[in-house]
Amino acid sequence: MASMSHSFLILLLLPLLITADKCNKDDKRALLSIKSAFNNAYHFASWTSTSACCDWYGVECDPGVPGNSDGSRVTGLYVITDSNVTGPIPPAVGDLPFLTSLRFHKLPNLTGNIPSSITRLTRLSVLILSWNSLSGPIPSFLSQIPSLTIINLSFNLFSGSIPAELANLPSLLGLDFSRNRLNGPIPAEFGNFPKSSPPDLILNHNSLSGDLPVSLGVPEWGTIDLSRNSLTGDASFLFGAGKSTQVIDLSRNEFAFDLSRVTFPVNLTSLDLNHNKISGSIPAQINQVEPNFFSQFNVSYNQLCGEIPAGPITAKFGVDAYFHNKCLCGSPLPPCTRQ
């Protein structure tokens, strides 16, 4: 009878044993170290030593990755929206060698620098550290992770210059450093991104300054957003009818160039040039852009002159897209006066 009870107990516990076996012990150790570093915040309530780490909240595993004979490997770590997560990113994040996605998002008390241990994550593809209170420089050592496709460090307190070394990342699809305290010029090396497949470049709401490197005219950016900085000089080389660019936002800078000499990408869906020092007139070619998908157009607060060319694009937008220019006229602004 005792033997039967013992066998029954083993059968009863077997599902728990199998579940525990799903989790690689080294990955579990690293995750528990991360939990401890964050003082066991509520986000980690499900992270217990008696449960499988692949079942923990914010943890993803892939049983199909190589080297999982000792349990499934952790491939995703997400810590999101918790004001009780305090302090710096623990160096133990670098002890999850199969991690492909790391997201720390909306953690207002997550502080400090990005740890260098992150360079050990040789499979990391998606790095999202957004809406936190991280600070210090954006580290150039991120360029040592060639698997990166997305880097989003938006809404933090990062300062200093943008590392030119990031242009060496071969598979980058998106780079978002918006709403930080970055300064200095945009690296000329960013013109070395692949011409036909550069990353979306989102650098708005910083303190970047200086002339735009001419090399940035080589890549055909899908999206380039440089708005709300202190950038100066020419930006006309970002345009071109043959380019595949869809979104250009240069608003609230100090760019100064002749818009008359620009041709617009025909696949453009959004163009915002407001609050600059752009001169010349609006080219009639703007109305050759596909109108069905074109949703944003603003050239207000510049030094433009001449008649607004009539057409399907220019007719879509009201006075506020054109006002406060030097001598721009025609619908929807008052008619031009003939001398």
# chains A, B, ... in the order shown; residues from 1 in each chain; ligands from 1
>>> residues_around(residues="Leu173 of chain A", least_positions_apart="5", cutoff="9 Å", atoms="only C-alpha atoms", output="list in words")
Leu148, Thr149, Ile150, Ile151, Ser197, Pro198, Pro199, Asp200 and Leu201 of chain A
>>> select_by_dssp(residues="segment 7-161 of chain A", states="strand (DSSP E or B)", output="PyMOL selection string")
chain A and resi 23+59-62+72-80+87+101-112+126-137+150-152+157-160
>>> select_by_dssp(residues="segment 226-298 of chain A", states="helix (DSSP H, G or I)", output="PyMOL selection string")
chain A and resi 236-238+259-261+284-288+291-293
>>> atom_distance(atom1="atom CA of Leu157 of chain A", atom2="atom CA of Arg179 of chain A")
8.0 Å
>>> closest_residue(among="A:Asp82, A:Glu165, A:Asp95, A:Asp234", to="Asp211 of chain A", atoms="only C-alpha atoms")
A:Asp234
>>> atom_distance(atom1="atom CA of Pro291 of chain A", atom2="atom CA of Ile202 of chain A")
24.2 Å
>>> residues_around(residues="segment 49-64 of chain A", least_positions_apart="2", cutoff="6 Å", atoms="only C-alpha atoms", output="list in words")
Thr19, Ala20, Cys23, Lys28, Ser46, Trp47, Ser72, Arg73, Val74, Thr75, Gly76, Leu77 and Tyr78 of chain A
>>> residues_around(residues="segment 305-315 of chain A", least_positions_apart="6", cutoff="10 Å", atoms="only C-alpha atoms", output="number ranges by chain")
A: 260, 279-292, 294-298, 321-322, 325-337
>>> closest_residue(among="A:Ile186, A:Leu271, A:Leu226, A:Leu124", to="Gln246 of chain A", atoms="only C-alpha atoms")
A:Leu271
>>> residues_around(residues="Leu166 of chain A", least_positions_apart="6", cutoff="9 Å", atoms="only C-alpha atoms", output="PyMOL selection string")
chain A and resi 140-144+189-190
>>> atom_distance(atom1="atom CA of Asn152 of chain A", atom2="atom CA of Gly174 of chain A")
7.7 Å
>>> closest_residue(among="A:Val93, A:Leu231, A:Val299, A:Ile162", to="Leu31 of chain A", atoms="only C-alpha atoms")
A:Val93
>>> closest_residue(among="A:Leu110, A:Leu273, A:Val214, A:Val319", to="Gly87 of chain A", atoms="only C-alpha atoms")
A:Leu110
>>> closest_residue(among="A:Pro137, A:Val218, A:Pro185, A:His205", to="Phe155 of chain A", atoms="only C-alpha atoms")
A:His205
>>> closest_residue(among="A:Leu175, A:Val247, A:Leu107, A:Ile89", to="Val126 of chain A", atoms="only C-alpha atoms")
A:Leu175
>>> residues_around(residues="Phe237 of chain A", least_positions_apart="6", cutoff="12 Å", atoms="only C-alpha atoms", output="ChimeraX atom specification")
/A:191,212-221,243,248,257-259,261-265
>>> decode(residues="segment 192-276 of chain A", atoms="C-alpha atoms", output="compact mmCIF listing (two decimals), in the first residue's frame")
# COMPACT_ATOMS: atom_id res chain seq x y z
CA ASN A 192 27.12 54.60 -44.91
CA PHE A 193 23.92 52.74 -44.10
CA PRO A 194 22.75 50.63 -47.07
CA LYS A 195 21.37 52.93 -49.76
CA SER A 196 18.22 50.92 -50.47
CA SER A 197 17.51 49.70 -46.93
CA PRO A 198 18.71 52.13 -44.25
CA PRO A 199 17.02 52.12 -40.84
CA ASP A 200 14.20 54.47 -40.04
CA LEU A 201 16.02 57.37 -38.37
CA ILE A 202 14.06 59.06 -35.56
CA LEU A 203 16.01 61.71 -33.65
CA ASN A 204 13.36 64.28 -32.77
CA HIS A 205 13.20 66.34 -29.55
CA ASN A 206 16.91 66.53 -28.78
CA SER A 207 19.53 69.29 -28.89
CA LEU A 208 21.35 68.17 -32.01
CA SER A 209 23.13 70.96 -33.87
CA GLY A 210 25.33 71.77 -36.83
CA ASP A 211 24.88 71.29 -40.56
CA LEU A 212 23.41 68.06 -41.83
CA PRO A 213 26.14 65.86 -43.38
CA VAL A 214 25.72 65.68 -47.16
CA SER A 215 26.34 61.93 -46.87
CA LEU A 216 22.83 61.57 -45.39
CA GLY A 217 21.51 62.17 -48.90
CA VAL A 218 22.80 58.79 -50.06
CA PRO A 219 20.52 56.38 -48.14
CA GLU A 220 16.88 56.30 -49.18
CA TRP A 221 15.37 56.64 -45.71
CA GLY A 222 11.92 55.15 -45.25
CA THR A 223 11.36 57.58 -42.39
CA ILE A 224 13.66 60.39 -41.31
CA ASP A 225 12.50 62.53 -38.41
CA LEU A 226 14.92 65.22 -37.25
CA SER A 227 12.31 67.58 -35.86
CA ARG A 228 12.74 69.84 -32.82
CA ASN A 229 16.49 70.13 -32.80
CA SER A 230 18.87 72.99 -33.68
CA LEU A 231 20.11 71.67 -37.01
CA THR A 232 21.21 74.17 -39.65
CA GLY A 233 22.10 74.54 -43.31
CA ASP A 234 21.01 72.54 -46.33
CA ALA A 235 18.73 69.51 -46.23
CA SER A 236 17.61 69.51 -49.87
CA PHE A 237 19.72 66.42 -50.60
CA LEU A 238 17.29 64.32 -48.55
CA PHE A 239 14.73 64.75 -51.33
CA GLY A 240 14.53 63.31 -54.84
CA ALA A 241 11.70 62.09 -57.05
CA GLY A 242 13.40 58.73 -57.53
CA LYS A 243 13.79 58.00 -53.83
CA SER A 244 11.53 55.63 -51.87
CA THR A 245 11.31 57.88 -48.78
CA GLN A 246 7.84 58.07 -47.24
CA VAL A 247 8.17 60.33 -44.19
CA ILE A 248 10.33 63.47 -43.86
CA ASP A 249 10.01 65.65 -40.77
CA LEU A 250 12.51 68.50 -40.48
CA SER A 251 10.25 70.83 -38.51
CA ARG A 252 11.42 73.28 -35.84
CA ASN A 253 15.07 73.50 -36.80
CA GLU A 254 17.07 76.18 -38.58
CA PHE A 255 17.40 74.59 -42.00
CA ALA A 256 17.93 77.08 -44.82
CA PHE A 257 17.68 75.98 -48.46
CA ASP A 258 15.78 76.78 -51.65
CA LEU A 259 12.69 74.58 -51.83
CA SER A 260 12.22 75.52 -55.50
CA ARG A 261 15.13 73.23 -56.44
CA VAL A 262 13.69 70.18 -54.67
CA THR A 263 11.83 67.25 -56.19
CA PHE A 264 9.69 65.10 -53.94
CA PRO A 265 9.68 61.30 -53.62
CA VAL A 266 6.49 60.11 -55.34
CA ASN A 267 5.77 57.67 -52.48
CA LEU A 268 5.91 60.42 -49.86
CA THR A 269 3.13 60.17 -47.26
CA SER A 270 4.16 62.90 -44.81
CA LEU A 271 6.21 66.10 -45.15
CA ASP A 272 6.66 68.59 -42.32
CA LEU A 273 9.04 71.53 -42.79
CA ASN A 274 7.43 74.09 -40.47
CA HIS A 275 9.46 76.58 -38.41
CA ASN A 276 12.67 76.74 -40.47
